[in-house]
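Dumped final00.txt below, it's compact mmCIF, C-alpha atoms:
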# COMPACT_ATOMS: atom_id res chain seq x y z
CA MET A 1 -90.95 -22.67 -11.59
CA ALA A 2 -90.89 -19.20 -13.08
CA PRO A 3 -91.01 -19.07 -16.88
CA HIS A 4 -87.81 -18.26 -18.70
CA PHE A 5 -87.67 -14.77 -20.15
CA LEU A 6 -87.49 -16.13 -23.68
CA ASN A 7 -90.58 -18.24 -23.09
CA LEU A 8 -92.75 -15.22 -22.44
CA SER A 9 -95.29 -14.40 -25.11
CA THR A 10 -94.28 -12.11 -27.94
CA GLU A 11 -96.80 -9.46 -26.84
CA LEU A 12 -95.36 -9.45 -23.32
CA LEU A 13 -91.79 -9.19 -24.58
CA ILE A 14 -92.75 -6.26 -26.83
CA GLN A 15 -94.35 -4.53 -23.85
CA ILE A 16 -91.21 -5.08 -21.74
CA PHE A 17 -88.92 -3.81 -24.49
CA SER A 18 -91.07 -0.72 -24.94
CA TYR A 19 -89.90 0.49 -21.51
CA GLY A 20 -86.22 0.01 -22.42
CA SER A 21 -83.78 2.59 -23.66
CA LEU A 22 -82.52 2.55 -27.21
CA ARG A 23 -79.31 0.96 -25.98
CA ASP A 24 -81.15 -1.75 -24.03
CA ILE A 25 -83.39 -2.65 -26.96
CA GLY A 26 -80.37 -2.81 -29.27
CA ALA A 27 -78.49 -5.02 -26.82
CA CYS A 28 -81.46 -7.38 -26.46
CA ALA A 29 -81.83 -7.63 -30.24
CA ARG A 30 -78.27 -8.89 -30.46
CA THR A 31 -78.65 -11.62 -27.83
CA SER A 32 -80.79 -14.10 -29.73
CA ARG A 33 -82.41 -14.64 -33.08
CA ARG A 34 -85.87 -14.74 -31.51
CA LEU A 35 -85.49 -11.41 -29.75
CA HIS A 36 -84.02 -9.91 -32.90
CA ASP A 37 -86.99 -11.14 -34.93
CA ILE A 38 -89.48 -9.85 -32.35
CA ILE A 39 -87.90 -6.39 -32.16
CA SER A 40 -87.40 -5.98 -35.89
CA GLY A 41 -90.81 -7.48 -36.65
CA SER A 42 -92.79 -5.22 -34.29
CA LEU A 43 -94.06 -2.04 -35.93
CA TYR A 44 -94.66 -0.57 -32.47
CA LEU A 45 -91.07 -1.17 -31.34
CA ARG A 46 -89.70 0.04 -34.65
CA TYR A 47 -91.67 3.24 -34.18
CA LEU A 48 -90.45 3.64 -30.59
CA ILE A 49 -86.84 3.07 -31.65
CA ARG A 50 -87.23 5.66 -34.36
CA THR A 51 -88.71 8.25 -32.00
CA LYS A 52 -85.86 7.64 -29.55
CA THR A 53 -83.30 7.93 -32.35
CA THR A 54 -84.72 11.21 -33.61
CA GLY A 55 -85.38 12.62 -30.14
CA VAL A 56 -89.13 12.90 -30.67
CA CYS A 57 -91.49 12.35 -27.75
CA ASP A 58 -94.89 10.89 -28.60
CA PRO A 59 -97.39 10.97 -25.69
CA PHE A 60 -99.54 8.50 -27.66
CA LEU A 61 -102.72 10.50 -27.67
CA PRO A 62 -105.48 8.49 -29.34
CA GLY A 63 -106.42 9.04 -32.96
CA LEU A 64 -103.50 7.72 -35.01
CA SER A 65 -102.43 4.14 -35.67
CA ILE A 66 -98.78 3.15 -35.32
CA HIS A 67 -98.56 2.92 -39.09
CA GLU A 68 -99.82 6.50 -39.43
CA ARG A 69 -97.47 7.70 -36.68
CA LEU A 70 -94.54 6.09 -38.46
CA SER A 71 -95.58 7.80 -41.67
CA VAL A 72 -95.82 11.21 -39.93
CA LEU A 73 -92.42 10.67 -38.32
CA GLU A 74 -90.88 9.79 -41.70
CA ARG A 75 -92.27 13.03 -43.17
CA TRP A 76 -90.95 14.95 -40.18
CA GLU A 77 -87.48 13.41 -40.66
CA LEU A 78 -87.56 14.16 -44.37
CA ALA A 79 -88.60 17.77 -43.77
CA TRP A 80 -85.67 18.31 -41.43
CA HIS A 81 -83.33 16.55 -43.84
CA ASP A 82 -84.42 18.79 -46.70
CA LEU A 83 -84.39 21.99 -44.69
CA ASP A 84 -81.77 24.43 -45.88
CA LEU A 85 -81.67 27.43 -43.60
CA ARG A 86 -79.33 29.27 -45.98
CA LYS A 87 -81.97 29.21 -48.68
CA SER A 88 -84.83 31.68 -48.41
CA THR A 89 -88.05 30.05 -49.51
CA LEU A 90 -90.49 32.84 -48.70
CA GLN A 91 -90.24 36.48 -47.86
CA CYS A 92 -92.96 37.56 -45.49
CA VAL A 93 -92.99 41.33 -45.72
CA VAL A 94 -95.31 43.06 -43.27
CA PRO A 95 -97.12 46.00 -44.92
CA ARG A 96 -96.47 49.32 -43.18
CA ASP A 97 -100.12 49.91 -42.30
CA ILE A 98 -100.05 46.64 -40.38
CA SER A 99 -96.55 46.90 -38.90
CA VAL A 100 -97.17 50.29 -37.26
CA SER A 101 -100.11 48.98 -35.27
CA VAL A 102 -98.99 45.45 -34.44
CA LEU A 103 -98.66 44.61 -30.79
CA ARG A 104 -97.23 41.17 -31.08
CA TYR A 105 -96.41 38.48 -33.67
CA GLU A 106 -96.88 34.78 -33.10
CA ILE A 107 -97.24 31.55 -35.06
CA HIS A 108 -100.14 29.17 -34.52
CA GLY A 109 -101.14 26.19 -36.62
CA GLY A 110 -99.23 27.31 -39.69
CA CYS A 111 -100.47 30.90 -39.47
CA PHE A 112 -98.27 33.93 -38.86
CA ILE A 113 -100.40 36.27 -36.75
CA GLY A 114 -99.94 39.92 -35.91
CA THR A 115 -102.26 41.24 -33.23
CA ARG A 116 -103.16 44.89 -33.77
CA ARG A 117 -103.73 47.44 -31.04
CA LEU A 118 -105.16 50.87 -30.70
CA PRO A 119 -102.62 53.68 -30.69
CA ALA A 120 -101.72 54.52 -27.08
CA ASP A 121 -103.50 51.41 -25.85
CA ASP A 122 -102.11 47.90 -25.59
CA ARG A 123 -105.47 46.21 -25.93
CA PRO A 124 -105.90 44.40 -29.23
CA LEU A 125 -108.60 45.46 -31.65
CA GLY A 126 -108.06 42.80 -34.27
CA TYR A 127 -105.46 40.70 -35.96
CA ASN A 128 -103.87 40.05 -39.32
CA TYR A 129 -102.60 36.70 -40.38
CA VAL A 130 -100.80 34.91 -43.18
CA ASP A 131 -101.53 31.27 -43.89
CA LEU A 132 -97.93 30.09 -44.29
CA HIS A 133 -98.90 26.82 -45.99
CA ASP A 134 -100.81 28.75 -48.66
CA ALA A 135 -98.01 31.29 -48.96
CA VAL A 136 -95.37 28.60 -49.58
CA LYS A 137 -97.69 26.78 -51.99
CA HIS A 138 -98.49 29.86 -54.07
CA GLY A 139 -95.14 31.62 -53.67
CA TYR A 140 -96.55 34.87 -52.31
CA VAL A 141 -97.79 36.24 -49.00
CA SER A 142 -101.42 37.23 -48.64
CA TRP A 143 -102.39 39.11 -45.47
CA ASN A 144 -105.88 38.52 -44.08
CA ASN A 145 -107.58 40.91 -41.72
CA VAL A 146 -109.98 40.19 -38.85
CA ASP A 147 -111.45 43.23 -37.09
CA LEU A 148 -113.11 42.96 -33.73
CA HIS A 149 -116.21 44.96 -33.03
CA GLN A 150 -115.19 48.43 -31.89
CA SER A 151 -117.41 48.24 -28.83
CA LEU A 152 -115.37 45.29 -27.54
CA SER A 153 -112.47 46.06 -25.28
CA VAL A 154 -110.32 42.94 -25.46
CA PHE A 155 -108.45 42.22 -22.26
CA SER A 156 -106.83 38.96 -23.30
CA TYR A 157 -106.92 36.51 -26.19
CA CYS A 158 -105.67 33.12 -27.28
CA PHE A 159 -105.74 31.03 -30.44
CA ASN A 160 -106.02 27.37 -31.31
CA VAL A 161 -105.77 27.43 -35.07
CA GLU A 162 -104.29 24.01 -35.70
CA GLU A 163 -107.07 21.95 -34.13
CA TYR A 164 -110.22 24.05 -34.11
CA ASN A 165 -109.63 27.23 -36.11
CA LEU A 166 -110.49 28.97 -32.86
CA ALA A 167 -109.86 32.47 -31.57
CA VAL A 168 -110.91 33.33 -28.02
CA MET A 169 -111.30 36.89 -26.76
CA LEU A 170 -111.76 37.89 -23.14
CA VAL A 171 -113.72 41.15 -23.19
CA MET B 1 -114.61 33.04 -32.92
CA ASP B 2 -113.80 31.35 -36.16
CA PHE B 3 -110.13 32.34 -36.45
CA LYS B 4 -110.05 32.81 -40.21
CA LYS B 5 -113.39 34.57 -40.64
CA GLY B 6 -113.83 36.39 -37.35
CA SER B 7 -117.42 35.16 -37.14
CA ASP B 8 -119.01 33.05 -34.41
CA HIS B 9 -117.39 29.64 -34.21
CA PRO B 10 -119.68 26.96 -35.70
CA LEU B 11 -118.85 24.41 -32.96
CA ALA B 12 -119.63 26.76 -30.06
CA ALA B 13 -123.18 26.29 -28.77
CA ASN B 14 -122.97 29.75 -27.20
CA PRO B 15 -120.36 32.06 -28.72
CA ASN B 16 -120.62 34.51 -25.80
CA ILE B 17 -120.11 33.18 -22.30
CA GLN B 18 -120.19 35.16 -19.08
CA LEU B 19 -117.80 34.30 -16.27
CA GLN B 20 -119.47 34.53 -12.89
CA SER B 21 -118.56 33.92 -9.29
CA GLY B 22 -121.19 33.69 -6.58
CA GLY B 23 -123.87 34.73 -9.03
CA LYS B 24 -122.01 37.90 -9.94
CA VAL B 25 -120.35 38.61 -13.25
CA ILE B 26 -116.58 39.01 -13.06
CA ASN B 27 -115.39 42.53 -13.75
CA ILE B 28 -112.46 42.06 -16.07
CA ASN B 29 -111.51 45.73 -15.78
CA ASP B 30 -110.43 45.04 -12.19
CA ALA B 31 -108.01 42.36 -13.33
CA TYR B 32 -104.28 42.85 -13.25
CA VAL B 33 -103.66 40.15 -15.82
CA ALA B 34 -105.76 37.46 -17.48
CA GLN B 35 -104.29 34.45 -19.20
CA MET B 36 -106.07 31.89 -21.32
CA GLU B 37 -105.07 28.62 -22.88
CA VAL B 38 -107.04 26.22 -25.04
CA ALA B 39 -106.84 22.58 -23.93
CA GLY B 40 -108.96 20.49 -26.26
CA ASP B 41 -112.64 21.24 -25.69
CA ASN B 42 -111.82 23.41 -22.67
CA ILE B 43 -110.25 26.77 -22.08
CA VAL B 44 -108.41 27.53 -18.88
CA VAL B 45 -108.94 31.16 -17.87
CA MET B 46 -106.80 32.59 -15.08
CA ILE B 47 -107.74 36.02 -13.83
CA THR B 48 -105.22 37.58 -11.49
CA GLN B 49 -106.02 40.59 -9.39
CA ALA B 50 -103.17 42.82 -8.27
CA ARG B 51 -101.53 40.09 -6.21
CA ALA B 52 -99.16 37.20 -6.86
CA LEU B 53 -101.69 34.38 -7.26
CA PRO B 54 -104.63 33.97 -9.62
CA ASP B 55 -107.87 34.98 -7.97
CA TYR B 56 -110.00 33.00 -10.35
CA ILE B 57 -109.32 29.96 -12.42
CA PHE B 58 -112.17 28.97 -14.71
CA LEU B 59 -112.52 25.94 -16.88
CA VAL B 60 -114.71 26.83 -19.85
CA GLY B 61 -116.11 24.21 -22.19
CA TRP B 62 -116.07 26.34 -25.31
CA LYS B 63 -118.22 23.94 -27.31
CA SER B 64 -120.82 23.24 -24.65
CA GLY B 65 -120.76 26.66 -22.97
CA GLU B 66 -120.29 25.12 -19.50
CA VAL B 67 -118.25 27.18 -17.05
CA SER B 68 -116.62 25.78 -13.92
CA LEU B 69 -114.94 27.93 -11.32
CA VAL B 70 -112.13 25.64 -10.18
CA ARG B 71 -110.31 28.08 -7.91
CA PHE B 72 -111.38 31.22 -6.13
CA SER B 73 -109.60 33.44 -3.64
CA PHE B 74 -112.00 34.88 -1.08
CA LEU B 75 -109.73 37.82 -0.51
CA CYS B 76 -111.15 39.66 -3.47
CA VAL B 77 -114.66 40.77 -4.35
CA THR B 78 -115.51 41.86 -7.85
CA HIS B 79 -118.86 42.59 -9.43
CA ASP B 80 -120.94 44.97 -11.50
CA LEU B 81 -119.34 45.15 -14.94
CA THR B 82 -119.33 42.44 -17.53
CA CYS B 83 -116.74 39.88 -18.45
CA ASN B 84 -117.52 37.92 -21.57
CA LEU B 85 -115.77 35.25 -23.51
CA ARG B 86 -116.41 35.46 -27.21
CA PHE B 87 -115.84 32.42 -29.42
Rendering of file as structure tokens:
Amino acid sequence: MAPHFLNLSTELLIQIFSYGSLRDIGACARTSRRLHDIISGSLYLRYLIRTKTTGVCDPFLPGLSIHERLSVLERWELAWHDLDLRKSTLQCVVPRDISVSVLRYEIHGGCFIGTRRLPADDRPLGYNYVDLHDAVKHGYVSWNNVDLHQSLSVFSYCFNVEEYNLAVMLV
Amino acid sequence: MDFKKGSDHPLAANPNIQLQSGGKVININDAYVAQMEVAGDNIVVMITQARALPDYIFLVGWKSGEVSLVRFSFLCVTHDLTCNLRF
């Protein structure tokens, strides 16, 4: 005789619920006291419910515990809650000597980056950046400059600032 | 490169890597467009000649310095000049 759904182990029930939609999980929680206790008592399910509620997708890459993920999600929710787009928190003025030579602006890992080019040539010869976290913390914008060696003719580039503080140049 | 300092990246065993195909260095000046994207410890480099599809797709381990040519179109032949990745 097949076991009754409610007789399955708690771990198995949590795994089954993790595949359900927010509506399904909510409906199951209302069907019995045991299911309610399992769903409300599982940090993993609570985290999943919260990601579904806020519309966040977590691919569950290794490195963070559920407790840490929940904490990050709470900070994310709070940041959005506190965000007031009508209020200017920082003015990022681009100096003229930078703005006339900038090819393209982009944001990577909390840095606002302007890639500079040679006049009459679209190939970048360096970049300027503002660390936005520092700028917000100190209340002013400080532009940093990175020059590439003049003998290098950069064909393409990419950045990964957030994870590795990495700039890659194809020359 | 170290993004903030512009110096060689401390985690890259070899900050300058040559992309080669068939023992010959790729001539980047022949490329129509080249796109790169960092994916963890690897960088995907797509070099497109003046046609619709990428002629070369390299997977470059930027920490280890290992280069793998994962796709190559035999319709194009490039050589002579240098093509370097600088970390």
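Nearest residue to Asn29 of chain B among A:Asn7, A:Gln150, A:Phe155, A:Val161 is A:Phe155, counting only C-alpha atoms.
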Polymer residues at most 7 Å from Gly110 of chain A, only C-alpha atoms, same-chain spacing of 2 or more positions, as a PyMOL selection string: chain A and resi 107-108+112+131-133
Could you dump the residues just selected with C-alpha atoms as an mmCIF file, in the frame of the given file?
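Output (result_16.cif):
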data_model
loop_
_atom_site.group_PDB
_atom_site.id
_atom_site.type_symbol
_atom_site.label_atom_id
_atom_site.label_comp_id
_atom_site.auth_asym_id
_atom_site.auth_seq_id
_atom_site.Cartn_x
_atom_site.Cartn_y
_atom_site.Cartn_z
ATOM 1 C CA ILE A 107 -97.240 31.550 -35.060
ATOM 2 C CA HIS A 108 -100.140 29.170 -34.520
ATOM 3 C CA PHE A 112 -98.270 33.930 -38.860
ATOM 4 C CA ASP A 131 -101.530 31.270 -43.890
ATOM 5 C CA LEU A 132 -97.930 30.090 -44.290
ATOM 6 C CA HIS A 133 -98.900 26.820 -45.990
#
Counting all atoms listed in the file, which residues of chain B come no farther than 10 Å from chain A, as number ranges by chain? B: 1-12, 15-19, 27-29, 31-41, 43, 45, 47, 62, 82-87
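Comparing the minimum interatomic distances between Ser68 of chain B and each of B:Asp55, B:Val25, B:Asn42, B:Asn14, counting only C-alpha atoms, we find that B:Asn42 sits nearest.
The spacing separating atom CA of Met46 of chain B from atom CA of Gly114 of chain A amounts to 23.1 Å.
Counting from atom CA of Trp80 of chain A, the distance to atom CA of Thr54 of chain A is 10.6 Å.
Between Lys52 of chain A and the candidates A:Lys87, A:Arg23, A:Arg116, A:His67, the tightest atom-to-atom separation, counting only C-alpha atoms, involves A:Arg23.
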For the atom pair atom CA of Asp58 of chain A and atom CA of Arg33 of chain A, what is the interatomic distance in Å to one decimal place? 28.8 Å
Residue among A:Glu11, A:Leu73, A:Ser42, A:Leu90 lying closest to His138 of chain A, counting all atoms listed in the file: A:Leu90
Mind working out the centre and edge lengths of an axis-aligned box for segment 57-70 of chain B, all listed atoms inside, 4 Å added to each side, rounded to one decimal in Å and written as AutoDock Vina command-line options?
--center_x -115.1 --center_y 26.6 --center_z -18.7 --size_x 19.5 --size_y 14.7 --size_z 25.1
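Among A:Leu85, A:Ile38, A:Val93, A:Cys57, the residue with the shortest atom-to-atom distance to Ala135 of chain A, counting only C-alpha atoms, is A:Val93.
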Residue contacts of Ala27 of chain A (12 Å, only C-alpha atoms) excluding same-chain residues fewer than 5 positions away, as a ChimeraX atom specification: /A:17,20-22,32,35-36,39
Could you please take those selected residues and save C-alpha atoms as a PDB file, in the coordinates of the input?
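Final output, saved to part-v2.pdb:
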ATOM      1  CA  PHE A  17     -88.920  -3.810 -24.490  1.00  0.00           C
ATOM      2  CA  GLY A  20     -86.220   0.010 -22.420  1.00  0.00           C
ATOM      3  CA  SER A  21     -83.780   2.590 -23.660  1.00  0.00           C
ATOM      4  CA  LEU A  22     -82.520   2.550 -27.210  1.00  0.00           C
ATOM      5  CA  SER A  32     -80.790 -14.100 -29.730  1.00  0.00           C
ATOM      6  CA  LEU A  35     -85.490 -11.410 -29.750  1.00  0.00           C
ATOM      7  CA  HIS A  36     -84.020  -9.910 -32.900  1.00  0.00           C
ATOM      8  CA  ILE A  39     -87.900  -6.390 -32.160  1.00  0.00           C
TER       9      ILE A  39
END
Residues around (-113.8, 30.0, -19.5), cut-off 6 Å, counting all atoms listed in the file - what are they as a ChimeraX atom specification? /B:43-45,58-60,67
Some atoms are absent from segment 71-97 of chain A, so rebuild N, CA and C atoms and return them as a PDB file, in the coordinates of the input.
ATOM      1  N   SER A  71     -95.551   7.023 -40.435  1.00  0.00           N
ATOM      2  CA  SER A  71     -95.580   7.800 -41.670  1.00  0.00           C
ATOM      3  C   SER A  71     -95.358   9.295 -41.374  1.00  0.00           C
ATOM      4  N   VAL A  72     -95.993   9.791 -40.319  1.00  0.00           N
ATOM      5  CA  VAL A  72     -95.820  11.210 -39.930  1.00  0.00           C
ATOM      6  C   VAL A  72     -94.368  11.458 -39.537  1.00  0.00           C
ATOM      7  N   LEU A  73     -93.811  10.514 -38.774  1.00  0.00           N
ATOM      8  CA  LEU A  73     -92.420  10.670 -38.320  1.00  0.00           C
ATOM      9  C   LEU A  73     -91.464  10.663 -39.509  1.00  0.00           C
ATOM     10  N   GLU A  74     -91.724   9.819 -40.492  1.00  0.00           N
ATOM     11  CA  GLU A  74     -90.880   9.790 -41.700  1.00  0.00           C
ATOM     12  C   GLU A  74     -90.940  11.127 -42.427  1.00  0.00           C
ATOM     13  N   ARG A  75     -92.134  11.714 -42.513  1.00  0.00           N
ATOM     14  CA  ARG A  75     -92.270  13.030 -43.170  1.00  0.00           C
ATOM     15  C   ARG A  75     -91.537  14.103 -42.380  1.00  0.00           C
ATOM     16  N   TRP A  76     -91.629  13.989 -41.062  1.00  0.00           N
ATOM     17  CA  TRP A  76     -90.950  14.950 -40.180  1.00  0.00           C
ATOM     18  C   TRP A  76     -89.440  14.865 -40.395  1.00  0.00           C
ATOM     19  N   GLU A  77     -88.920  13.614 -40.443  1.00  0.00           N
ATOM     20  CA  GLU A  77     -87.480  13.410 -40.660  1.00  0.00           C
ATOM     21  C   GLU A  77     -87.049  13.967 -42.013  1.00  0.00           C
ATOM     22  N   LEU A  78     -87.886  13.707 -43.016  1.00  0.00           N
ATOM     23  CA  LEU A  78     -87.560  14.160 -44.370  1.00  0.00           C
ATOM     24  C   LEU A  78     -87.550  15.691 -44.441  1.00  0.00           C
ATOM     25  N   ALA A  79     -88.517  16.313 -43.763  1.00  0.00           N
ATOM     26  CA  ALA A  79     -88.600  17.770 -43.770  1.00  0.00           C
ATOM     27  C   ALA A  79     -87.348  18.393 -43.152  1.00  0.00           C
ATOM     28  N   TRP A  80     -86.896  17.796 -42.052  1.00  0.00           N
ATOM     29  CA  TRP A  80     -85.670  18.310 -41.430  1.00  0.00           C
ATOM     30  C   TRP A  80     -84.454  18.049 -42.320  1.00  0.00           C
ATOM     31  N   HIS A  81     -84.451  16.889 -42.966  1.00  0.00           N
ATOM     32  CA  HIS A  81     -83.330  16.550 -43.840  1.00  0.00           C
ATOM     33  C   HIS A  81     -83.231  17.532 -45.001  1.00  0.00           C
ATOM     34  N   ASP A  82     -84.391  17.921 -45.528  1.00  0.00           N
ATOM     35  CA  ASP A  82     -84.420  18.790 -46.700  1.00  0.00           C
ATOM     36  C   ASP A  82     -84.301  20.278 -46.364  1.00  0.00           C
ATOM     37  N   LEU A  83     -84.400  20.578 -45.082  1.00  0.00           N
ATOM     38  CA  LEU A  83     -84.390  21.990 -44.690  1.00  0.00           C
ATOM     39  C   LEU A  83     -83.006  22.609 -44.926  1.00  0.00           C
ATOM     40  N   ASP A  84     -82.999  23.687 -45.642  1.00  0.00           N
ATOM     41  CA  ASP A  84     -81.770  24.430 -45.880  1.00  0.00           C
ATOM     42  C   ASP A  84     -81.975  25.855 -45.378  1.00  0.00           C
ATOM     43  N   LEU A  85     -81.440  26.123 -44.199  1.00  0.00           N
ATOM     44  CA  LEU A  85     -81.670  27.430 -43.600  1.00  0.00           C
ATOM     45  C   LEU A  85     -80.986  28.559 -44.355  1.00  0.00           C
ATOM     46  N   ARG A  86     -80.014  28.213 -45.219  1.00  0.00           N
ATOM     47  CA  ARG A  86     -79.330  29.270 -45.980  1.00  0.00           C
ATOM     48  C   ARG A  86     -80.171  29.732 -47.153  1.00  0.00           C
ATOM     49  N   LYS A  87     -81.163  28.900 -47.507  1.00  0.00           N
ATOM     50  CA  LYS A  87     -81.970  29.210 -48.680  1.00  0.00           C
ATOM     51  C   LYS A  87     -83.299  29.846 -48.241  1.00  0.00           C
ATOM     52  N   SER A  88     -83.583  31.029 -48.733  1.00  0.00           N
ATOM     53  CA  SER A  88     -84.830  31.680 -48.410  1.00  0.00           C
ATOM     54  C   SER A  88     -85.936  31.137 -49.311  1.00  0.00           C
ATOM     55  N   THR A  89     -86.976  30.608 -48.703  1.00  0.00           N
ATOM     56  CA  THR A  89     -88.050  30.050 -49.510  1.00  0.00           C
ATOM     57  C   THR A  89     -89.229  31.019 -49.641  1.00  0.00           C
ATOM     58  N   LEU A  90     -89.333  31.943 -48.688  1.00  0.00           N
ATOM     59  CA  LEU A  90     -90.490  32.840 -48.700  1.00  0.00           C
ATOM     60  C   LEU A  90     -90.139  34.117 -47.954  1.00  0.00           C
ATOM     61  N   GLN A  91     -90.442  35.216 -48.544  1.00  0.00           N
ATOM     62  CA  GLN A  91     -90.240  36.480 -47.860  1.00  0.00           C
ATOM     63  C   GLN A  91     -91.588  36.982 -47.374  1.00  0.00           C
ATOM     64  N   CYS A  92     -91.689  37.142 -46.072  1.00  0.00           N
ATOM     65  CA  CYS A  92     -92.960  37.560 -45.490  1.00  0.00           C
ATOM     66  C   CYS A  92     -92.832  39.028 -45.076  1.00  0.00           C
ATOM     67  N   VAL A  93     -93.115  39.898 -46.004  1.00  0.00           N
ATOM     68  CA  VAL A  93     -92.990  41.330 -45.720  1.00  0.00           C
ATOM     69  C   VAL A  93     -94.288  41.820 -45.069  1.00  0.00           C
ATOM     70  N   VAL A  94     -94.132  42.521 -43.966  1.00  0.00           N
ATOM     71  CA  VAL A  94     -95.310  43.060 -43.270  1.00  0.00           C
ATOM     72  C   VAL A  94     -95.600  44.451 -43.828  1.00  0.00           C
ATOM     73  N   PRO A  95     -96.799  44.670 -44.399  1.00  0.00           N
ATOM     74  CA  PRO A  95     -97.120  46.000 -44.920  1.00  0.00           C
ATOM     75  C   PRO A  95     -97.049  47.057 -43.810  1.00  0.00           C
ATOM     76  N   ARG A  96     -96.687  48.263 -44.190  1.00  0.00           N
ATOM     77  CA  ARG A  96     -96.470  49.320 -43.180  1.00  0.00           C
ATOM     78  C   ARG A  96     -97.748  49.610 -42.374  1.00  0.00           C
ATOM     79  N   ASP A  97     -98.898  49.604 -43.038  1.00  0.00           N
ATOM     80  CA  ASP A  97    -100.120  49.910 -42.300  1.00  0.00           C
ATOM     81  C   ASP A  97    -100.415  48.868 -41.228  1.00  0.00           C
TER      82      ASP A  97
END
